[in-house]
Amino acid sequence: MQMLWTVAGVGSAVVAAVLSGAAAPVTSQDAGRVARQPGTLSITVPATASFGSAFPGASLSRQLGEVRVLDRRGGQNTVWTATVSATDFTTPGGGAARQISRSQFSYWSGQAVTTDGGGTRVPGQATSAQAQSLSVPRTAFRKTSGNGNNTTGWLPTLIVAVPVTAVGGTYTGTITHSVA
C-alpha cells in the first residue's frame, strides 16, 4: 500500500551573510572624501510554502513565491550574489524512511520578474532544464554590474523527487536564501 506524503517548506532569509534575524547593514564604498550614509543589502522570502502531496516515487514541482533582493547601498558598481541552500526534510518518528535528503530537491530561479534600478542581473538557473540539486548551496541570482539602489525579484521553482522508500507523513525542512 502506498501512502501519500506532504512537503511543507519553511522560508528563511539571510541578510548580508548574517543568519536569519535582524538585518545587518552593509556599508557602501566611499568615493574620494565624500562621506555617505551606510546602505543595506537585504533579501526577503515567503514565510512558508506547501508543495502538496504525492506518492512515493513521484515528483512535485512548485514555485516558492517571490524572493526579492533590495540593494540600498548606492555607490558605483555594487554587485551581489544570492545563494540558496536546503536542509533535509523530515517527518516525525526518525529513521531513513522518514527523511528526504536535500539532494532530492532541485532548484531553478527563472528570470527576474521584478526589477527596479540599473545593473545587469543574471539568474542562477534561467530555465527548468538548468535546475540544480540542492545537495550543496547554489547561486540563485547575481547582480554583476551597476550601482546600488535597485530591487530584483524572482519566482524560483523547487522540484522534489519523492523517494520510493518514503513513508506517509508531513515532511518539513528549510530552504534558505542569503545575499552578500
# chains A, B, ... in the order shown; residues from 1 in each chain; ligands from 1

$ residues_around --residues "Ser106 of chain A" --least-positions-apart "2" --cutoff "10 Å" --atoms "only C-alpha atoms" --output "list in words"
Ser61, Ala86, Arg102, Ser103, Gln104, Trp108, Ser128, Gln130, Ala131, Gln132, Ser133, Leu134, Ser135, Thr157, Leu158, Ile159, Val160 and Ala161 of chain A

$ residues_around --residues "Ala97 of chain A" --least-positions-apart "5" --cutoff "10 Å" --atoms "only C-alpha atoms" --output "ChimeraX atom specification"
/A:90-91,163-168

$ write_last_selection --atoms "C-alpha atoms" --output "short mmCIF file (atom, residue, chain, number, x, y, z; two decimals), in the first residue's frame"
data_model
loop_
_atom_site.label_atom_id
_atom_site.label_comp_id
_atom_site.auth_asym_id
_atom_site.auth_seq_id
_atom_site.Cartn_x
_atom_site.Cartn_y
_atom_site.Cartn_z
CA THR A 90 11.83 15.03 7.81
CA THR A 91 8.58 13.76 9.27
CA PRO A 163 11.99 8.55 -2.61
CA VAL A 164 10.31 5.21 -3.27
CA THR A 165 11.01 4.29 0.36
CA ALA A 166 9.31 7.39 1.86
CA VAL A 167 6.60 6.72 4.43
CA GLY A 168 3.38 8.70 4.62
#

$ closest_residue --among "A:Val179, A:Val162, A:Ala140, A:Ala129" --to "Ala54 of chain A" --atoms "only C-alpha atoms"
A:Val162

$ residues_around --residues "Gly148 of chain A" --least-positions-apart "3" --cutoff "9 Å" --atoms "only C-alpha atoms" --output "PDB file with C-alpha atoms, in the first residue's frame"
ATOM      1  CA  SER A  28      28.673  51.383   0.981  1.00  0.00           C
ATOM      2  CA  GLY A  39      23.174  51.445   2.924  1.00  0.00           C
ATOM      3  CA  LEU A  41      21.609  44.853   1.190  1.00  0.00           C
ATOM      4  CA  LEU A  70      16.776  45.098  -2.063  1.00  0.00           C
ATOM      5  CA  ASP A  71      20.096  46.910  -2.553  1.00  0.00           C
ATOM      6  CA  ARG A  72      20.192  50.383  -0.995  1.00  0.00           C
ATOM      7  CA  ARG A  73      23.971  50.742  -0.858  1.00  0.00           C
ATOM      8  CA  GLY A  74      24.174  53.415  -3.572  1.00  0.00           C
ATOM      9  CA  GLY A  75      27.631  53.965  -4.977  1.00  0.00           C
ATOM     10  CA  GLN A  76      29.021  52.628  -8.180  1.00  0.00           C
ATOM     11  CA  ASN A  77      29.409  49.014  -9.192  1.00  0.00           C
ATOM     12  CA  THR A  78      27.653  47.431  -6.230  1.00  0.00           C
ATOM     13  CA  VAL A  79      27.326  43.754  -7.042  1.00  0.00           C
ATOM     14  CA  GLY A 117      17.134  50.447 -10.965  1.00  0.00           C
ATOM     15  CA  GLY A 118      20.064  49.757 -13.232  1.00  0.00           C
ATOM     16  CA  GLY A 119      22.509  46.920 -13.462  1.00  0.00           C
ATOM     17  CA  THR A 151      15.493  45.777  -6.490  1.00  0.00           C
TER      18      THR A 151
END

$ closest_residue --among "A:Thr152, A:Thr44, A:Thr139, A:Thr174" --to "Phe105 of chain A" --atoms "only C-alpha atoms"
A:Thr174

$ closest_residue --among "A:Thr172, A:Thr127, A:Ser42, A:Thr115" --to "Ala82 of chain A" --atoms "only C-alpha atoms"
A:Ser42

$ atom_distance --atom1 "atom CA of Thr176 of chain A" --atom2 "atom CA of Pro137 of chain A"
9.2 Å

$ atom_distance --atom1 "atom CA of Leu60 of chain A" --atom2 "atom CA of Ser178 of chain A"
24.1 Å

$ closest_residue --among "A:Phe51, A:Ser109, A:Thr170, A:Ser59" --to "Arg138 of chain A" --atoms "only C-alpha atoms"
A:Ser109

$ select_by_dssp --residues "segment 32-109 of chain A" --states "strand (DSSP E)" --output "ChimeraX atom specification"
/A:41-44,48-54,59-63,67-71,80-86,89-90,99-100,105-108

$ atom_distance --atom1 "atom CA of Asn150 of chain A" --atom2 "atom CA of Arg62 of chain A"
27.2 Å

$ closest_residue --among "A:Ala180, A:Tyr107, A:Ala58, A:Gly169" --to "Gly93 of chain A" --atoms "only C-alpha atoms"
A:Gly169
